[in-house]
file entry_28.txt (compact mmCIF, C-alpha atoms and all ligand atoms)
# COMPACT_ATOMS: atom_id res chain seq x y z
CA MET A 1 28.33 -4.17 -3.28
CA ASN A 2 24.56 -4.32 -2.97
CA LYS A 3 22.30 -1.39 -3.58
CA CYS A 4 19.29 -0.34 -1.55
CA GLY A 5 16.89 2.58 -1.59
CA PHE A 6 13.38 4.01 -1.51
CA VAL A 7 11.46 4.43 -4.74
CA ALA A 8 8.27 6.52 -4.69
CA LEU A 9 5.49 5.62 -7.11
CA ILE A 10 4.01 8.91 -8.23
CA GLY A 11 1.29 9.71 -10.75
CA ARG A 12 -2.30 10.76 -11.04
CA PRO A 13 -5.02 8.64 -9.42
CA ASN A 14 -5.78 5.54 -11.49
CA ALA A 15 -2.42 5.56 -13.28
CA GLY A 16 -1.78 1.99 -12.11
CA LYS A 17 0.65 2.64 -9.23
CA SER A 18 -0.83 0.14 -6.77
CA THR A 19 -1.22 -2.48 -9.49
CA LEU A 20 2.43 -2.10 -10.46
CA MET A 21 3.62 -2.40 -6.86
CA ASN A 22 1.57 -5.54 -6.22
CA SER A 23 2.62 -7.06 -9.50
CA ILE A 24 6.34 -6.50 -8.88
CA LEU A 25 5.99 -7.88 -5.37
CA GLY A 26 4.00 -10.85 -6.59
CA GLU A 27 1.77 -10.52 -3.52
CA LYS A 28 -1.22 -8.34 -3.17
CA ILE A 29 -0.81 -5.79 -0.37
CA ALA A 30 -2.03 -2.49 -1.81
CA MET A 31 -5.60 -1.90 -2.86
CA VAL A 32 -6.36 -1.53 -6.55
CA SER A 33 -9.55 -0.02 -7.87
CA GLN A 34 -11.07 1.06 -11.15
CA LYS A 35 -12.23 4.10 -9.23
CA ALA A 36 -9.78 6.95 -8.77
CA ASN A 37 -8.50 8.07 -5.37
CA ALA A 38 -8.91 4.72 -3.69
CA THR A 39 -5.44 4.70 -2.12
CA ARG A 40 -5.35 7.04 0.89
CA LYS A 41 -2.08 6.38 2.67
CA ARG A 42 1.43 5.52 1.66
CA SER A 43 2.26 1.84 1.74
CA ASN A 44 5.38 -0.01 0.80
CA ALA A 45 6.70 -3.20 -0.71
CA ILE A 46 10.18 -4.59 -0.15
CA VAL A 47 11.45 -6.14 -3.35
CA MET A 48 14.72 -8.05 -3.73
CA HIS A 49 16.17 -7.79 -7.22
CA LYS A 50 19.48 -9.49 -8.03
CA ASP A 51 20.71 -9.03 -4.44
CA ASN A 52 19.62 -5.39 -4.38
CA GLN A 53 16.81 -4.19 -2.15
CA ILE A 54 14.21 -1.82 -3.61
CA ILE A 55 11.59 -0.40 -1.27
CA PHE A 56 8.62 0.78 -3.31
CA VAL A 57 6.42 3.42 -1.72
CA ASP A 58 2.91 3.53 -3.16
CA THR A 59 1.13 6.88 -2.82
CA PRO A 60 -2.41 8.20 -3.12
CA GLY A 61 -1.53 10.09 -6.30
CA LEU A 62 -1.29 13.71 -7.27
CA HIS A 63 -4.67 15.39 -7.56
CA GLN A 64 -6.58 18.51 -6.66
CA LYS A 65 -7.11 19.12 -2.97
CA GLU A 66 -10.64 20.18 -2.18
CA LYS A 67 -11.62 18.05 0.78
CA MET A 68 -9.55 17.78 3.93
CA LEU A 69 -9.06 14.05 3.37
CA ASN A 70 -7.84 14.77 -0.17
CA GLN A 71 -5.46 17.36 1.14
CA TYR A 72 -4.03 14.72 3.44
CA MET A 73 -3.71 12.35 0.47
CA LEU A 74 -1.81 14.91 -1.61
CA GLU A 75 0.53 15.58 1.28
CA GLU A 76 1.22 11.86 1.54
CA ALA A 77 2.40 11.87 -2.09
CA LEU A 78 4.55 14.96 -1.53
CA LYS A 79 6.14 13.44 1.57
CA ALA A 80 6.96 10.30 -0.39
CA ILE A 81 8.77 12.48 -2.94
CA GLY A 82 10.70 14.19 -0.15
CA ASP A 83 11.71 10.91 1.49
CA CYS A 84 12.67 8.82 -1.55
CA ASP A 85 15.93 8.21 -3.39
CA LEU A 86 14.28 7.92 -6.78
CA ILE A 87 10.83 8.58 -8.26
CA VAL A 88 9.02 6.31 -10.65
CA TYR A 89 6.49 8.53 -12.38
CA LEU A 90 3.59 6.52 -13.81
CA ALA A 91 1.82 7.88 -16.87
CA PRO A 92 -0.91 5.87 -18.56
CA VAL A 93 0.07 5.74 -22.23
CA THR A 94 -3.18 7.48 -23.20
CA ASP A 95 -2.54 10.52 -20.98
CA SER A 96 -1.62 13.89 -22.42
CA LEU A 97 1.67 15.48 -21.36
CA GLU A 98 -0.21 17.91 -19.11
CA HIS A 99 -0.11 15.61 -16.06
CA TYR A 100 3.61 15.04 -16.49
CA GLU A 101 4.27 18.75 -16.82
CA LYS A 102 2.43 19.32 -13.56
CA PHE A 103 4.60 16.71 -11.90
CA LEU A 104 7.76 18.36 -13.23
CA GLU A 105 6.58 21.58 -11.63
CA ILE A 106 5.90 19.89 -8.27
CA ASN A 107 9.18 17.95 -8.24
CA ASN A 108 11.11 20.95 -9.50
CA GLY A 109 14.22 18.89 -10.21
CA ARG A 110 14.52 17.79 -6.55
CA LYS A 111 14.61 14.07 -7.18
CA LYS A 112 15.68 11.99 -10.17
CA HIS A 113 12.86 10.17 -11.89
CA ILE A 114 12.12 7.39 -14.33
CA ILE A 115 8.95 7.54 -16.42
CA VAL A 116 6.88 4.39 -16.66
CA LEU A 117 4.41 4.47 -19.53
CA SER A 118 1.70 2.25 -18.10
CA LYS A 119 -1.22 0.30 -19.59
CA ILE A 120 0.48 -0.06 -22.97
CA ASP A 121 -1.77 -3.03 -23.71
CA GLN A 122 -4.54 -0.50 -24.30
CA VAL A 123 -3.03 1.07 -27.43
CA SER A 124 -1.49 0.10 -30.79
CA GLN A 125 2.28 0.03 -31.38
CA GLU A 126 1.91 3.19 -33.41
CA LYS A 127 0.20 5.07 -30.59
CA LEU A 128 2.82 3.81 -28.16
CA PHE A 129 5.65 5.16 -30.31
CA LYS A 130 3.85 8.49 -30.67
CA SER A 131 3.50 8.74 -26.92
CA ILE A 132 7.19 7.91 -26.34
CA GLU A 133 8.10 10.54 -28.89
CA SER A 134 6.03 13.20 -27.15
CA TYR A 135 8.00 12.68 -23.93
CA SER A 136 11.30 13.07 -25.77
CA LYS A 137 10.67 16.79 -25.55
CA TYR A 138 11.63 16.49 -21.88
CA ALA A 139 14.46 13.99 -22.38
CA ASP A 140 16.84 16.10 -20.30
CA LYS A 141 14.47 15.90 -17.30
CA PHE A 142 14.11 12.14 -16.85
CA GLU A 143 16.65 9.32 -16.50
CA ALA A 144 14.77 6.70 -18.50
CA LEU A 145 11.38 5.92 -20.03
CA ILE A 146 10.06 2.40 -19.75
CA PRO A 147 6.84 1.08 -21.30
CA VAL A 148 5.06 -1.34 -18.99
CA SER A 149 1.94 -3.45 -19.12
CA ILE A 150 0.86 -5.29 -16.05
CA ALA A 151 -1.91 -7.01 -17.97
CA ARG A 152 0.71 -8.52 -20.32
CA LYS A 153 3.53 -8.71 -17.75
CA VAL A 154 5.80 -6.60 -19.96
CA GLY A 155 8.59 -4.35 -18.73
CA HIS A 156 9.12 -5.49 -15.12
CA GLU A 157 12.66 -6.78 -15.45
CA ASP A 158 13.72 -3.76 -17.45
CA LEU A 159 12.19 -1.45 -14.85
CA LEU A 160 13.88 -3.17 -11.90
CA ASP A 161 17.27 -3.18 -13.68
CA THR A 162 16.93 0.53 -14.46
CA ILE A 163 15.87 1.43 -10.93
CA THR A 164 18.86 -0.45 -9.51
CA LYS A 165 21.16 1.57 -11.74
CA TYR A 166 20.07 4.79 -10.02
CA LEU A 167 20.22 3.59 -6.43
CA ASP A 168 23.27 3.96 -4.18
CA VAL A 169 25.37 1.17 -2.71
CA SER A 170 23.98 0.65 0.79
CA PRO A 171 23.38 -2.11 3.30
CA TYR A 172 19.86 -3.56 3.31
CA LEU A 173 17.46 -1.51 5.38
CA TYR A 174 15.05 -4.39 5.91
CA ASP A 175 15.17 -8.14 6.33
CA PRO A 176 15.28 -9.54 2.77
CA GLU A 177 12.60 -12.06 3.82
CA ASP A 178 10.10 -9.30 4.58
CA ILE A 179 7.67 -8.12 1.93
CA THR A 180 6.47 -4.96 3.65
CA THR A 181 6.88 -2.86 6.78
CA GLU A 182 3.12 -2.38 6.91
CA MET A 183 1.25 -3.61 9.93
CA ILE A 184 -1.00 -6.51 9.10
CA ARG A 185 -4.01 -4.53 10.38
CA ASP A 186 -3.33 -1.76 7.85
CA ILE A 187 -3.24 -4.27 5.04
CA TYR A 188 -6.49 -5.92 6.21
CA LYS A 189 -8.10 -2.50 6.46
CA GLU A 190 -7.16 -1.84 2.82
CA PHE A 191 -8.62 -5.20 1.77
CA ILE A 192 -11.96 -4.30 3.36
CA ARG A 193 -11.86 -0.82 1.83
CA GLU A 194 -11.15 -2.40 -1.55
CA ALA A 195 -14.13 -4.72 -1.12
CA ILE A 196 -16.29 -1.67 -0.38
CA PHE A 197 -15.04 0.00 -3.58
CA GLU A 198 -15.92 -3.17 -5.50
CA ASN A 199 -19.41 -3.54 -4.09
CA VAL A 200 -20.94 -0.11 -3.64
CA SER A 201 -20.93 2.83 -5.99
CA ASP A 202 -21.17 6.60 -6.00
CA GLU A 203 -19.89 8.52 -3.01
CA VAL A 204 -20.16 5.77 -0.40
CA PRO A 205 -16.64 4.29 -0.84
CA TYR A 206 -15.13 7.76 -0.73
CA GLU A 207 -17.03 8.68 2.42
CA SER A 208 -16.30 5.48 4.27
CA ASP A 209 -13.34 4.10 6.11
CA VAL A 210 -12.53 0.98 8.09
CA LEU A 211 -11.22 0.48 11.59
CA ILE A 212 -9.79 -2.88 12.56
CA ASP A 213 -11.07 -3.40 16.10
CA LYS A 214 -9.41 -6.70 16.85
CA ILE A 215 -7.32 -9.46 15.31
CA ASP A 216 -7.35 -12.70 17.24
CA GLU A 217 -4.85 -15.14 15.81
CA LYS A 218 -6.04 -18.59 16.73
CA LYS A 219 -4.69 -21.92 15.64
CA GLY A 220 -5.88 -22.53 12.07
CA ILE A 221 -8.14 -19.47 11.96
CA ASP A 222 -7.87 -15.72 12.47
CA HIS A 223 -10.81 -13.91 13.98
CA ILE A 224 -11.05 -10.31 12.80
CA LYS A 225 -13.50 -7.66 13.96
CA ALA A 226 -13.77 -4.44 11.95
CA THR A 227 -16.05 -1.42 11.80
CA ILE A 228 -17.04 0.38 8.62
CA ILE A 229 -17.30 4.12 9.30
CA LEU A 230 -19.83 6.06 7.21
CA SER A 231 -20.44 9.77 7.04
CA LYS A 232 -24.26 9.80 6.67
CA ASP A 233 -27.13 7.77 8.12
CA SER A 234 -28.51 7.22 4.61
CA GLN A 235 -25.34 5.30 3.67
CA LYS A 236 -26.08 2.61 6.23
CA GLY A 237 -28.85 1.05 4.15
CA ILE A 238 -26.60 1.07 1.07
CA ILE A 239 -23.70 -0.67 2.80
CA ILE A 240 -25.92 -3.25 4.48
CA GLY A 241 -28.17 -3.86 1.44
CA SER A 242 -31.51 -5.65 1.42
CA GLY A 243 -31.42 -8.57 3.81
CA GLY A 244 -27.79 -7.75 4.56
CA ASN A 245 -26.76 -8.85 1.08
CA THR A 246 -24.26 -6.11 0.34
CA ILE A 247 -22.36 -6.29 3.59
CA LYS A 248 -22.23 -10.06 3.20
CA ARG A 249 -20.65 -9.66 -0.23
CA ILE A 250 -18.17 -7.10 1.13
CA GLY A 251 -17.29 -9.40 4.00
CA LYS A 252 -16.77 -12.40 1.76
CA ALA A 253 -14.62 -10.52 -0.76
CA ALA A 254 -12.45 -9.08 2.01
CA ARG A 255 -12.16 -12.41 3.80
CA LEU A 256 -10.88 -14.12 0.64
CA LYS A 257 -8.19 -11.46 0.20
CA ILE A 258 -7.16 -11.83 3.84
CA GLU A 259 -7.03 -15.62 3.61
CA HIS A 260 -5.01 -15.41 0.41
CA LEU A 261 -2.35 -13.29 2.10
CA SER A 262 -2.25 -15.11 5.42
CA GLY A 263 -2.58 -18.59 3.97
CA LYS A 264 -4.99 -19.31 6.80
CA LYS A 265 -8.75 -19.41 7.31
CA ALA A 266 -10.30 -16.18 8.55
CA PHE A 267 -13.53 -15.26 10.26
CA LEU A 268 -14.37 -11.64 9.54
CA GLU A 269 -17.03 -9.83 11.51
CA LEU A 270 -18.10 -6.43 10.16
CA PHE A 271 -19.91 -3.68 12.07
CA VAL A 272 -21.25 -0.39 10.73
CA SER A 273 -21.07 2.97 12.45
CA VAL A 274 -21.99 6.51 11.35
CA LYS A 275 -19.70 9.42 12.15
CA LYS A 276 -21.34 12.39 10.50
CA GLY A 277 -19.07 14.40 8.17
CA TRP A 278 -15.90 12.57 9.22
CA THR A 279 -14.01 13.38 5.99
CA THR A 280 -13.79 17.03 7.09
CA ASP A 281 -13.41 16.38 10.83
CA LYS A 282 -9.74 17.09 11.53
CA LYS A 283 -9.72 15.60 15.00
CA PHE A 284 -11.42 12.41 13.92
CA LEU A 285 -9.16 12.08 10.85
CA GLU A 286 -6.17 12.21 13.17
CA GLU A 287 -7.75 9.70 15.51
CA ILE A 288 -8.07 7.14 12.73
CA GLY A 289 -4.52 7.60 11.52
CA TYR A 290 -4.62 10.40 8.93
CA LYS A 291 -2.17 12.64 10.74
N1 LIG B 1 -5.28 -2.57 -19.10
C1 LIG B 1 -4.51 -2.32 -18.05
N2 LIG B 1 -5.09 -1.87 -16.90
C2 LIG B 1 -4.31 -1.61 -15.85
C3 LIG B 1 -2.89 -1.79 -15.89
N3 LIG B 1 -2.38 -1.42 -14.69
C4 LIG B 1 -3.44 -1.04 -13.93
N4 LIG B 1 -4.61 -1.16 -14.60
C5 LIG B 1 -5.96 -0.84 -14.11
O1 LIG B 1 -6.06 0.55 -13.81
C6 LIG B 1 -6.94 0.78 -12.71
C7 LIG B 1 -6.26 1.64 -11.66
O2 LIG B 1 -5.20 0.93 -11.07
P1 LIG B 1 -4.61 1.30 -9.63
O3 LIG B 1 -3.40 0.45 -9.48
O4 LIG B 1 -5.63 1.26 -8.57
O5 LIG B 1 -4.17 2.83 -9.89
P2 LIG B 1 -3.53 3.87 -8.83
O6 LIG B 1 -4.63 4.80 -8.46
O7 LIG B 1 -2.46 4.60 -9.61
O8 LIG B 1 -2.97 3.11 -7.69
C8 LIG B 1 -7.33 -0.60 -12.19
O9 LIG B 1 -8.61 -0.90 -12.69
C9 LIG B 1 -6.27 -1.51 -12.79
O10 LIG B 1 -6.74 -2.83 -12.98
C10 LIG B 1 -2.30 -2.29 -17.13
O11 LIG B 1 -1.09 -2.48 -17.30
N5 LIG B 1 -3.18 -2.53 -18.16
MG MG B 2 -3.40 3.26 -5.70

call {"tool": "encode", "arguments": {"input": "entry_28.txt", "output": "structure tokens"}}
result
Amino acid sequence: MNKCGFVALIGRPNAGKSTLMNSILGEKIAMVSQKANATRKRSNAIVMHKDNQIIFVDTPGLHQKEKMLNQYMLEEALKAIGDCDLIVYLAPVTDSLEHYEKFLEINNGRKKHIIVLSKIDQVSQEKLFKSIESYSKYADKFEALIPVSIARKVGHEDLLDTITKYLDVSPYLYDPEDITTEMIRDIYKEFIREAIFENVSDEVPYESDVLIDKIDEKKGIDHIKATIILSKDSQKGIIIGSGGNTIKRIGKAARLKIEHLSGKKAFLELFVSVKKGWTTDKKFLEEIGYK
């Protein structure tokens, strides 16, 4: 009698959702960044736990929707709530209850949820207990509250056991050998975007995207061509850097992530192209997959 179901990871940007998903999977497939709003699309990880299959759906996070791209990102999170069997709501232990209350409003009792208090390595025991206590006010709203630290690898087993408890008996939906239903090109795209977030600051990462033009799988080495899309001409110099230094660093960082996942050598060729104001260009957003 195995269980199987979809679990949406919901929480504000930077709560640690992507980190948690990667850490549970033990493979890195979702991008993690110190900067908020790095995750744009839903992605998933298929995790086998004691013969049960949990499909985690990582989301861009709940946030205000000013820009069209942000609006898309919020909708992605809402869709994940609609499609899942259970929500894991991530709250950094230092957050006030305000974010959680907003989530309660959005979810409106539609789906059951477990609260994960994340980043507990950042506070004292005393602060942790205080935080747990503050959530007890809403004890009738959530199924369980689990403190987790990815940095200290605390809470995983407990979380997976608890999730399993709230899933239904069901045949596996995916091959237990698979780790994700993502296309490899979507994962590579996220690796390059993550490398951009790591290497350039200010608005450039937010106003850039990546298109994978070609993946040529050759014996012993994969040849990947990708284009970095920017929204202003002035961003070109920033991405390329003096003597091409920045784009070289981006390319190297992304290549290492790709090689780590594929277990193979990779040759990554990066191009740069400017598409003025793309983050508010509905047609172009659709063209590159934000439908
Ligand atoms: N100290 C600490 N930092 C964490 C933990 N989990 C995530 N982070 C950091 O929090 C930041 C945001 O993480 P990310 O997974 O991208 O958040 P997301 O926007 O919710 O997907 C990153 O810099 C992570 O390294 C944790 O358990 N402890
Ligand atoms: Mg994320």

call {"tool": "atom_distance", "arguments": {"input": "entry_28.txt", "atom1": "CA of Pro60 (chain A)", "atom2": "atom O2 of ligand LIG 1 (chain B)"}}
result
11.1 Å

call {"tool": "closest_residue", "arguments": {"input": "entry_28.txt", "among": "A:Ala38, A:Val204, A:Leu270, A:Ala30", "to": "Glu182 (chain A)", "atoms": "only C-alpha atoms"}}
result
A:Ala30

call {"tool": "closest_atom_pairs", "arguments": {"input": "entry_28.txt", "of": "chain A", "to": "ligand LIG 1 (chain B)", "cutoff": "9 Å", "atoms": "all atoms listed in the file", "output": "tab-separated table"}}
result
residue	atom	partner	partner_atom	distance
A:Leu9	CA	B:LIG1	O7	8.4
A:Ile10	CA	B:LIG1	O7	7.9
A:Gly11	CA	B:LIG1	O7	6.4
A:Arg12	CA	B:LIG1	O7	6.3
A:Pro13	CA	B:LIG1	O6	4.0
A:Asn14	CA	B:LIG1	O6	3.3
A:Ala15	CA	B:LIG1	O7	3.8
A:Gly16	CA	B:LIG1	O5	3.4
A:Lys17	CA	B:LIG1	O7	3.7
A:Ser18	CA	B:LIG1	O3	3.7
A:Thr19	CA	B:LIG1	O3	3.7
A:Leu20	CA	B:LIG1	O3	6.4
A:Met21	CA	B:LIG1	O3	8.0
A:Asn22	CA	B:LIG1	O3	8.4
A:Ala30	CA	B:LIG1	O8	8.2
A:Met31	CA	B:LIG1	O4	6.5
A:Val32	CA	B:LIG1	O4	3.5
A:Ser33	CA	B:LIG1	O4	4.2
A:Gln34	CA	B:LIG1	O9	3.5
A:Lys35	CA	B:LIG1	C7	6.9
A:Ala36	CA	B:LIG1	O6	5.6
A:Asn37	CA	B:LIG1	O6	5.9
A:Ala38	CA	B:LIG1	O6	6.4
A:Thr39	CA	B:LIG1	O8	6.3
A:Asp58	CA	B:LIG1	O8	7.4
A:Thr59	CA	B:LIG1	O8	7.4
A:Pro60	CA	B:LIG1	O6	6.7
A:Gly61	CA	B:LIG1	O7	6.5
A:Leu90	CA	B:LIG1	O7	7.6
A:Pro92	CA	B:LIG1	C3	8.4
A:Ser118	CA	B:LIG1	O11	5.5
A:Lys119	CA	B:LIG1	O11	3.6
A:Ile120	CA	B:LIG1	O11	6.4
A:Asp121	CA	B:LIG1	N5	5.7
A:Gln122	CA	B:LIG1	N1	5.6
A:Val148	CA	B:LIG1	O11	6.5
A:Ser149	CA	B:LIG1	O11	3.7
A:Ile150	CA	B:LIG1	O11	3.6
A:Ala151	CA	B:LIG1	O11	4.7
A:Arg152	CA	B:LIG1	O11	7.0
A:Lys153	CA	B:LIG1	O11	7.8
A:Val154	CA	B:LIG1	O11	8.5

call {"tool": "residues_near_point", "arguments": {"input": "entry_28.txt", "point": "(11.8, -7.3, -5.5)", "cutoff": "8 Å", "atoms": "only C-alpha atoms", "output": "ChimeraX atom specification"}}
result
/A:24-25,46-49,53-54,160

call {"tool": "closest_residue", "arguments": {"input": "entry_28.txt", "among": "A:Glu190, A:Asp202, A:Glu101, A:Asp83", "to": "ligand MG 2 (chain B)", "atoms": "only C-alpha atoms and all ligand atoms"}}
result
A:Glu190

call {"tool": "residues_around", "arguments": {"input": "entry_28.txt", "residues": "region 123-129 of chain A", "least_positions_apart": "3", "cutoff": "8 Å", "atoms": "only C-alpha atoms", "output": "PyMOL selection string"}}
result
chain A and resi 93-94+120+132-133

call {"tool": "closest_residue", "arguments": {"input": "entry_28.txt", "among": "A:Trp278, A:Lys264, A:Asn44, A:Arg249", "to": "ligand MG 2 (chain B)", "atoms": "only C-alpha atoms and all ligand atoms"}}
result
A:Asn44

call {"tool": "closest_residue", "arguments": {"input": "entry_28.txt", "among": "A:Leu230, A:Arg42, A:Lys102, A:Phe267", "to": "ligand MG 2 (chain B)", "atoms": "all atoms listed in the file"}}
result
A:Arg42

call {"tool": "closest_residue", "arguments": {"input": "entry_28.txt", "among": "A:Gly243, A:Ile258, A:Lys225, A:Ser134", "to": "Tyr188 (chain A)", "atoms": "all atoms listed in the file"}}
result
A:Ile258

call {"tool": "residues_around", "arguments": {"input": "entry_28.txt", "residues": "Lys236 (chain A)", "least_positions_apart": "5", "cutoff": "9 Å", "atoms": "only C-alpha atoms", "output": "tab-separated table (two decimals) with C-alpha atoms, in the coordinates of the input"}}
result
chain	number	residue	atom	x	y	z
A	230	LEU	CA	-19.83	6.06	7.21
A	241	GLY	CA	-28.17	-3.86	1.44
A	272	VAL	CA	-21.25	-0.39	10.73
A	273	SER	CA	-21.07	2.97	12.45
A	274	VAL	CA	-21.99	6.51	11.35

call {"tool": "residues_around", "arguments": {"input": "entry_28.txt", "residues": "region 66-71 of chain A", "least_positions_apart": "5", "cutoff": "12 Å", "atoms": "only C-alpha atoms", "output": "PyMOL selection string"}}
result
chain A and resi 13+36-41+60-61+76-78+206-209+277-286+288-291

call {"tool": "residues_near_point", "arguments": {"input": "entry_28.txt", "point": "(23.1, -0.9, 5.9)", "cutoff": "10 Å", "atoms": "all atoms listed in the file", "output": "PyMOL selection string"}}
result
chain A and resi 2-4+169-174

call {"tool": "write_last_selection", "arguments": {"input": "entry_28.txt", "atoms": "C-alpha atoms", "output": "CSV table (one decimal), in the coordinates of the input"}}
result
chain,number,residue,atom,x,y,z
A,2,ASN,CA,24.6,-4.3,-3.0
A,3,LYS,CA,22.3,-1.4,-3.6
A,4,CYS,CA,19.3,-0.3,-1.6
A,169,VAL,CA,25.4,1.2,-2.7
A,170,SER,CA,24.0,0.6,0.8
A,171,PRO,CA,23.4,-2.1,3.3
A,172,TYR,CA,19.9,-3.6,3.3
A,173,LEU,CA,17.5,-1.5,5.4
A,174,TYR,CA,15.0,-4.4,5.9

call {"tool": "residues_around", "arguments": {"input": "entry_28.txt", "residues": "Ile146 (chain A)", "least_positions_apart": "5", "cutoff": "9 Å", "atoms": "all atoms listed in the file", "output": "CSV table (one decimal) with C-alpha atoms, in the frame of the given file"}}
result
chain,number,residue,atom,x,y,z
A,114,ILE,CA,12.1,7.4,-14.3
A,115,ILE,CA,9.0,7.5,-16.4
A,116,VAL,CA,6.9,4.4,-16.7
A,117,LEU,CA,4.4,4.5,-19.5
A,118,SER,CA,1.7,2.2,-18.1
A,155,GLY,CA,8.6,-4.4,-18.7
A,158,ASP,CA,13.7,-3.8,-17.4
A,159,LEU,CA,12.2,-1.4,-14.8
A,162,THR,CA,16.9,0.5,-14.5

call {"tool": "closest_residue", "arguments": {"input": "entry_28.txt", "among": "A:Ile29, A:Glu157, A:Phe103, A:Thr246", "to": "ligand MG 2 (chain B)", "atoms": "all atoms listed in the file"}}
result
A:Ile29

call {"tool": "atom_distance", "arguments": {"input": "entry_28.txt", "atom1": "CA of Ala80 (chain A)", "atom2": "CA of Met183 (chain A)"}}
result
18.2 Å

call {"tool": "atom_distance", "arguments": {"input": "entry_28.txt", "atom1": "CA of Ile187 (chain A)", "atom2": "CA of His223 (chain A)"}}
result
15.2 Å

call {"tool": "residues_around", "arguments": {"input": "entry_28.txt", "residues": "Lys111 (chain A)", "least_positions_apart": "4", "cutoff": "10 Å", "atoms": "all atoms listed in the file", "output": "VMD selection string"}}
result
chain A and resid 81 to 87 107 142

call {"tool": "axis_aligned_box", "arguments": {"input": "entry_28.txt", "around": "region 184-198 of chain A", "padding_each_side": "4 Å", "output": "lines of an AutoDock Vina configuration file"}}
result
center_x = -8.6
center_y = -3.3
center_z = 2.4
size_x = 23.3
size_y = 14.5
size_z = 23.9

call {"tool": "build_atoms", "arguments": {"input": "entry_28.txt", "residues": "region 32-43 of chain A", "atoms": "N, CA, C and O atoms", "output": "mmCIF file, keeping the file's coordinate frame"}}
result
data_model
loop_
_atom_site.group_PDB
_atom_site.id
_atom_site.type_symbol
_atom_site.label_atom_id
_atom_site.label_comp_id
_atom_site.auth_asym_id
_atom_site.auth_seq_id
_atom_site.Cartn_x
_atom_site.Cartn_y
_atom_site.Cartn_z
ATOM 1 N N VAL A 32 -6.266 -1.977 -5.152
ATOM 2 C CA VAL A 32 -6.360 -1.530 -6.550
ATOM 3 C C VAL A 32 -7.829 -1.317 -6.834
ATOM 4 O O VAL A 32 -8.672 -2.081 -6.397
ATOM 5 N N SER A 33 -8.154 -0.248 -7.545
ATOM 6 C CA SER A 33 -9.550 -0.020 -7.870
ATOM 7 C C SER A 33 -9.675 0.662 -9.212
ATOM 8 O O SER A 33 -8.802 1.414 -9.623
ATOM 9 N N GLN A 34 -10.779 0.355 -9.898
ATOM 10 C CA GLN A 34 -11.070 1.060 -11.150
ATOM 11 C C GLN A 34 -11.418 2.504 -10.839
ATOM 12 O O GLN A 34 -11.351 3.361 -11.690
ATOM 13 N N LYS A 35 -11.840 2.748 -9.618
ATOM 14 C CA LYS A 35 -12.230 4.100 -9.230
ATOM 15 C C LYS A 35 -11.000 4.878 -8.762
ATOM 16 O O LYS A 35 -10.139 4.322 -8.072
ATOM 17 N N ALA A 36 -10.944 6.136 -9.126
ATOM 18 C CA ALA A 36 -9.780 6.950 -8.770
ATOM 19 C C ALA A 36 -9.796 7.286 -7.283
ATOM 20 O O ALA A 36 -10.838 7.236 -6.629
ATOM 21 N N ASN A 37 -8.629 7.614 -6.764
ATOM 22 C CA ASN A 37 -8.500 8.070 -5.370
ATOM 23 C C ASN A 37 -8.831 7.021 -4.323
ATOM 24 O O ASN A 37 -9.296 7.354 -3.239
ATOM 25 N N ALA A 38 -8.613 5.765 -4.659
ATOM 26 C CA ALA A 38 -8.910 4.720 -3.690
ATOM 27 C C ALA A 38 -7.817 4.608 -2.631
ATOM 28 O O ALA A 38 -8.083 4.376 -1.462
ATOM 29 N N THR A 39 -6.564 4.787 -3.055
ATOM 30 C CA THR A 39 -5.440 4.700 -2.120
ATOM 31 C C THR A 39 -5.371 5.976 -1.292
ATOM 32 O O THR A 39 -5.320 7.065 -1.841
ATOM 33 N N ARG A 40 -5.361 5.841 0.040
ATOM 34 C CA ARG A 40 -5.350 7.040 0.890
ATOM 35 C C ARG A 40 -4.009 7.296 1.551
ATOM 36 O O ARG A 40 -3.622 8.424 1.770
ATOM 37 N N LYS A 41 -3.346 6.218 1.941
ATOM 38 C CA LYS A 41 -2.080 6.380 2.670
ATOM 39 C C LYS A 41 -0.932 5.781 1.867
ATOM 40 O O LYS A 41 -1.139 4.976 0.982
ATOM 41 N N ARG A 42 0.261 6.155 2.261
ATOM 42 C CA ARG A 42 1.430 5.520 1.660
ATOM 43 C C ARG A 42 1.497 4.071 2.125
ATOM 44 O O ARG A 42 1.159 3.772 3.258
ATOM 45 N N SER A 43 1.951 3.181 1.250
ATOM 46 C CA SER A 43 2.260 1.840 1.740
ATOM 47 C C SER A 43 3.506 1.392 1.002
ATOM 48 O O SER A 43 3.918 2.032 0.046
#
